[in-house]
Each structure stands twice: as structure tokens, then as C-alpha cells.
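Raw contents of my_file-v9.txt, compact mmCIF, C-alpha atoms and all ligand atoms:
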# COMPACT_ATOMS: atom_id res chain seq x y z
CA MET A 12 -7.56 -62.01 4.08
CA THR A 13 -7.54 -58.22 4.01
CA GLN A 14 -5.75 -56.56 6.90
CA VAL A 15 -6.92 -53.36 8.53
CA ALA A 16 -4.51 -50.98 10.29
CA VAL A 17 -5.30 -50.19 13.94
CA TRP A 18 -4.23 -46.84 15.33
CA ASN A 19 -4.06 -45.93 18.96
CA ALA A 20 -6.37 -43.19 20.28
CA ASP A 21 -3.53 -40.68 19.71
CA GLU A 22 -3.38 -41.73 16.03
CA THR A 23 -0.12 -43.65 16.23
CA PHE A 24 0.07 -47.03 14.48
CA LEU A 25 -0.33 -50.11 16.69
CA HIS A 26 -0.77 -53.19 14.48
CA THR A 27 -2.97 -54.71 11.79
CA VAL A 28 -5.91 -57.07 12.24
CA PRO A 29 -7.95 -59.17 9.77
CA LEU A 30 -11.01 -57.39 8.32
CA LYS A 31 -13.42 -59.65 10.22
CA HIS A 32 -11.74 -58.80 13.53
CA ALA A 33 -11.87 -55.10 12.61
CA ILE A 34 -15.63 -55.34 12.07
CA THR A 35 -16.00 -57.01 15.47
CA MET A 36 -14.08 -54.11 17.04
CA LEU A 37 -16.46 -51.63 15.36
CA HIS A 38 -19.48 -53.62 16.44
CA ARG A 39 -18.26 -53.65 20.05
CA ARG A 40 -17.43 -49.93 19.86
CA VAL A 41 -13.83 -50.59 20.84
CA ALA A 42 -12.69 -48.64 17.79
CA GLU A 43 -14.08 -46.30 15.17
CA ILE A 44 -13.32 -45.87 11.49
CA HIS A 45 -10.54 -43.38 10.87
CA GLU A 46 -10.26 -44.01 7.15
CA ALA A 47 -12.57 -46.06 4.94
CA VAL A 48 -12.12 -47.66 1.52
CA GLU A 49 -14.07 -45.36 -0.76
CA GLY A 50 -17.30 -46.74 -2.16
CA GLU A 51 -17.06 -50.11 -0.40
CA THR A 52 -19.09 -51.38 2.52
CA PHE A 53 -18.97 -54.37 4.83
CA GLY A 54 -22.39 -55.09 6.30
CA PRO A 55 -23.69 -51.88 7.87
CA TYR A 56 -20.21 -50.29 7.92
CA ALA A 57 -18.04 -48.47 5.44
CA ARG A 58 -15.19 -50.86 4.70
CA PRO A 59 -12.44 -49.77 7.11
CA LYS A 60 -8.89 -49.12 5.98
CA VAL A 61 -7.72 -47.64 9.30
CA LEU A 62 -9.37 -48.01 12.71
CA ARG A 63 -8.72 -45.80 15.70
CA LEU A 64 -9.11 -47.17 19.23
CA ILE A 65 -11.61 -45.35 21.44
CA ARG A 66 -9.43 -45.82 24.53
CA TYR A 67 -5.71 -45.14 24.58
CA VAL A 68 -3.57 -48.27 24.95
CA VAL A 69 -0.15 -47.89 26.58
CA ARG A 70 2.64 -49.42 24.52
CA ARG A 71 5.42 -51.57 25.95
CA TRP A 72 8.21 -49.02 25.65
CA GLU A 73 6.21 -46.37 27.51
CA TYR A 74 5.79 -48.16 30.81
CA ALA A 75 9.21 -49.69 31.41
CA LYS A 76 10.00 -47.37 34.31
CA THR A 77 6.64 -47.11 35.98
CA LYS A 78 5.05 -50.51 35.45
CA ALA A 79 2.75 -51.88 38.11
CA ALA A 80 3.21 -55.22 39.87
CA TYR A 81 0.93 -57.91 38.49
CA SER A 82 -2.28 -58.67 40.32
CA ARG A 83 -5.56 -60.30 39.44
CA GLU A 84 -7.52 -57.24 40.61
CA GLY A 85 -5.14 -55.12 38.57
CA VAL A 86 -6.12 -56.98 35.39
CA LEU A 87 -9.79 -56.15 35.99
CA ALA A 88 -8.89 -52.50 36.70
CA ARG A 89 -6.59 -52.26 33.66
CA ASP A 90 -9.40 -53.47 31.38
CA ASP A 91 -11.92 -51.14 33.08
CA GLY A 92 -14.00 -54.15 34.07
CA ARG A 93 -14.73 -54.88 30.41
CA CYS A 94 -14.63 -58.39 29.02
CA ALA A 95 -11.89 -58.78 26.39
CA TYR A 96 -14.01 -61.34 24.51
CA CYS A 97 -17.41 -59.64 24.22
CA GLY A 98 -16.44 -56.04 25.07
CA LEU A 99 -19.23 -55.54 27.59
CA PRO A 100 -18.78 -54.25 31.16
CA GLY A 101 -19.25 -56.41 34.25
CA ALA A 102 -16.24 -58.70 33.76
CA ASP A 103 -15.72 -60.46 37.07
CA THR A 104 -13.01 -63.03 36.34
CA MET A 105 -9.48 -63.05 34.98
CA ASP A 106 -8.77 -65.28 32.00
CA HIS A 107 -5.40 -66.75 31.06
CA ILE A 108 -5.22 -66.12 27.30
CA GLN A 109 -2.93 -69.10 26.82
CA PRO A 110 -4.44 -71.55 29.35
CA ARG A 111 -2.38 -72.25 32.45
CA SER A 112 -2.82 -75.97 31.89
CA ARG A 113 -0.93 -75.49 28.63
CA GLY A 114 1.98 -73.50 29.94
CA GLY A 115 0.43 -70.03 29.92
CA ALA A 116 2.03 -67.64 32.40
CA THR A 117 0.21 -65.73 35.11
CA SER A 118 1.27 -62.28 33.94
CA TRP A 119 -0.11 -59.01 32.61
CA MET A 120 0.60 -60.07 29.03
CA ASN A 121 -1.27 -63.38 29.36
CA ALA A 122 -4.27 -62.11 31.30
CA VAL A 123 -7.46 -60.26 30.42
CA ALA A 124 -10.68 -59.45 32.21
CA ALA A 125 -13.58 -61.71 31.21
CA HIS A 126 -17.10 -62.56 32.28
CA ARG A 127 -17.40 -65.85 34.12
CA HIS A 128 -19.63 -67.03 31.29
CA CYS A 129 -17.27 -65.96 28.47
CA ASN A 130 -14.37 -67.50 30.42
CA GLN A 131 -16.24 -70.80 30.67
CA VAL A 132 -17.19 -70.78 26.99
CA LYS A 133 -13.54 -70.25 26.04
CA GLY A 134 -12.56 -73.03 28.43
CA ASP A 135 -9.19 -74.70 28.00
CA ARG A 136 -8.54 -73.18 24.57
CA THR A 137 -6.61 -70.30 23.06
CA PRO A 138 -8.68 -67.39 21.65
CA GLU A 139 -7.94 -68.67 18.14
CA GLU A 140 -9.09 -72.21 18.93
CA ALA A 141 -12.22 -70.91 20.63
CA GLY A 142 -12.98 -68.48 17.78
CA MET A 143 -13.06 -65.69 20.38
CA PRO A 144 -10.51 -63.08 19.26
CA LEU A 145 -9.31 -60.61 21.87
CA LEU A 146 -10.86 -57.19 21.33
CA TRP A 147 -7.67 -55.52 22.60
CA GLU A 148 -4.13 -56.57 23.30
CA PRO A 149 -3.09 -57.01 26.93
CA TYR A 150 -0.33 -54.76 28.24
CA VAL A 151 1.56 -53.99 31.44
CA PRO A 152 -0.14 -50.92 32.91
CA THR A 153 1.64 -48.09 34.66
CA ARG A 154 0.97 -47.56 38.35
CA GLY A 155 -0.69 -44.28 37.44
CA ARG A 156 -2.99 -45.97 34.92
CA LEU A 157 -4.05 -48.59 37.48
CA HIS A 158 -4.58 -45.98 40.15
CA ARG A 159 -6.84 -43.92 37.87
CA ALA A 160 -8.71 -47.05 36.76
CA ARG A 161 -9.37 -48.03 40.38
CA LEU A 162 -10.64 -44.55 41.17
CA ILE A 163 -13.11 -44.72 38.30
CA HIS A 164 -13.92 -48.43 38.58
CA PRO A 165 -13.33 -49.39 42.21
ZN ZN B 201 -17.90 -61.32 28.05

Just give me the structure as C-alpha cells.
Amino acid sequence: MTQVAVWNADETFLHTVPLKHAITMLHRRVAEIHEAVEGETFGPYARPKVLRLIRYVVRRWEYAKTKAAYSREGVLARDDGRCAYCGLPGADTMDHIQPRSRGGATSWMNAVAAHRHCNQVKGDRTPEEAGMPLLWEPYVPTRGRLHRARLIHP
């Protein structure tokens, strides 16, 4: 399947995602088209070649010195209260991406904010098994990032 490049909000390369996932990101307004394939469309969209995230995502090597201690509330703050599965605000639970019952860790990298409903639909499955791809990759936030998130989304 065709891969689409995903750039961070500062236009640095992050990773690639399958075209279908890229369209989901556009639909949820998590990202916008930075570069399209000329003359081709995918549904209502120009066919993306490069997407750019709307919100800046902090990369692993940037937070080594200032990373925040893990907390459940911190996960909700990090994700701005948005559900990583449907992209909408009002997420009120924390989901283990790899289920705890199957060895998934309780850590920043294995946790995302999710609606109670979306969490229940996903159940005891991985995002791939549930057909619910993550709309963004989890990361370890800096203390500053969490502090700002809590000020905006207490
Ligand atoms: Zn949701």
C-alpha cells in the first residue's frame, strides 16, 4: 500500500503512514496536506504525498533531560483531552495501547487518552486488531509541555 510521509508541525520528517491512515488523519483534522500528488484525488481530498501535523509532537531525543514522571492525568493532559482513536475532545479515560492483560506496560509510550466508549470498543485488542489506528504516536512529554497543557486544559 502507498505510504505517505508525515512531517511535524515544524516541517521536520517524523515517519510514514499508509494512505488510508493518512486520509483518516486529514478527516480528523490532525494533519493537513503539505504536498499532494498532482492531478490525483482520494475521496474529497487531493491525494497526499506529505502531511504536516497541526500540533507539534515532541520527539524522543528532545525530552531526555526534562521528561515528566508518568501519570494517568498526565496522559490526558499530554493529549489535550483528545481521544487518540477518534480525534475528538472529551477523552476521559486512559487506554493501554498494548493491553495490560497482554503484557503492555503502564508508561507514556503505551498510553493514550481515549473516550470511555472508544476504550470499550477497542477492548482487549491492539489498535491493529481492533482496526482503530492511533491518530498520533504517544511520546514522553516534557514537564513544560505538561504544565502548559494543564493550564489550557485543566
Ligand atoms: Zn474517541

**Message:** List as a PyMOL selection string the protein and nucleic acid residues near stretch 92-95 of chain A, meaning an atom at most 8 Å away when all atoms listed in the file are counted, but skip any in the same chain fewer than 4 places from it.
**Reply:** chain A and resi 87-88+99-103+123-126+145-147+164

**Item:** Shell of 10 Å around stretch 39-45 of chain A, only C-alpha atoms, local chain residues under 5 positions omitted, as a ChimeraX atom specification
**Value:** /A:16-20,22,33-34,56-66,96-99,146-147

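Picture a line from atom CA of A:Lys31 to atom CA of A:Thr52; it runs 12.6 Å.
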
**Item:** Distance query A:Asn130 at most 9 Å, all atoms listed in the file, self and fewer than 2 positions along chain excluded, as a ChimeraX atom specification
**Value:** /A:96,104-106,125-128,132-134

**Prompt:** What separation in Å, quoted to one decimal, exists between atom CA of A:Arg89 and atom CA of A:Arg156?
**Reply:** 7.4 Å

**Item:** Distance criterion (all atoms listed in the file): nearest to ligand ZN 201 (chain B) out of A:Cys129, A:Gly142, A:Arg154, A:Thr137
**Value:**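 Of the candidates, the smallest distance to ligand ZN 201 (chain B) is held by A:Cys129.
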
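With only C-alpha atoms as the atoms that count, the residue of A:Gly85, A:Pro55, A:Pro152, A:Pro138 with the shortest distance to A:His107 is A:Pro138.
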
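Atom CA of A:His38 lies 28.4 Å from atom CA of A:Thr153.
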
**Prompt:** Counting all atoms listed in the file, which of A:Pro144, A:Tyr150, A:Glu51, A:Leu162 gets nearest to ligand ZN 201 (chain B)?
**Reply:** A:Pro144

**Using only C-alpha atoms and all ligand atoms: which of A:Gln131, A:Asp21, A:Val69, A:Ala47 has the shortest distance to ligand ZN 201 (chain B)** = A:Gln131

**Request:** For each of A:Met143, A:Val151, A:Gly50, A:His26, take the minimum atom-to-atom distance to ligand ZN 201 (chain B), counting all atoms listed in the file, then give the residue where this is smallest.
**Result:** A:Met143

**Prompt:** What's the 12 Å shell around A:Thr117, counting all atoms listed in the file, without same-chain residues fewer than 2 positions away, as a ChimeraX atom specification?
**Reply:** /A:80-83,86,105-115,119-123
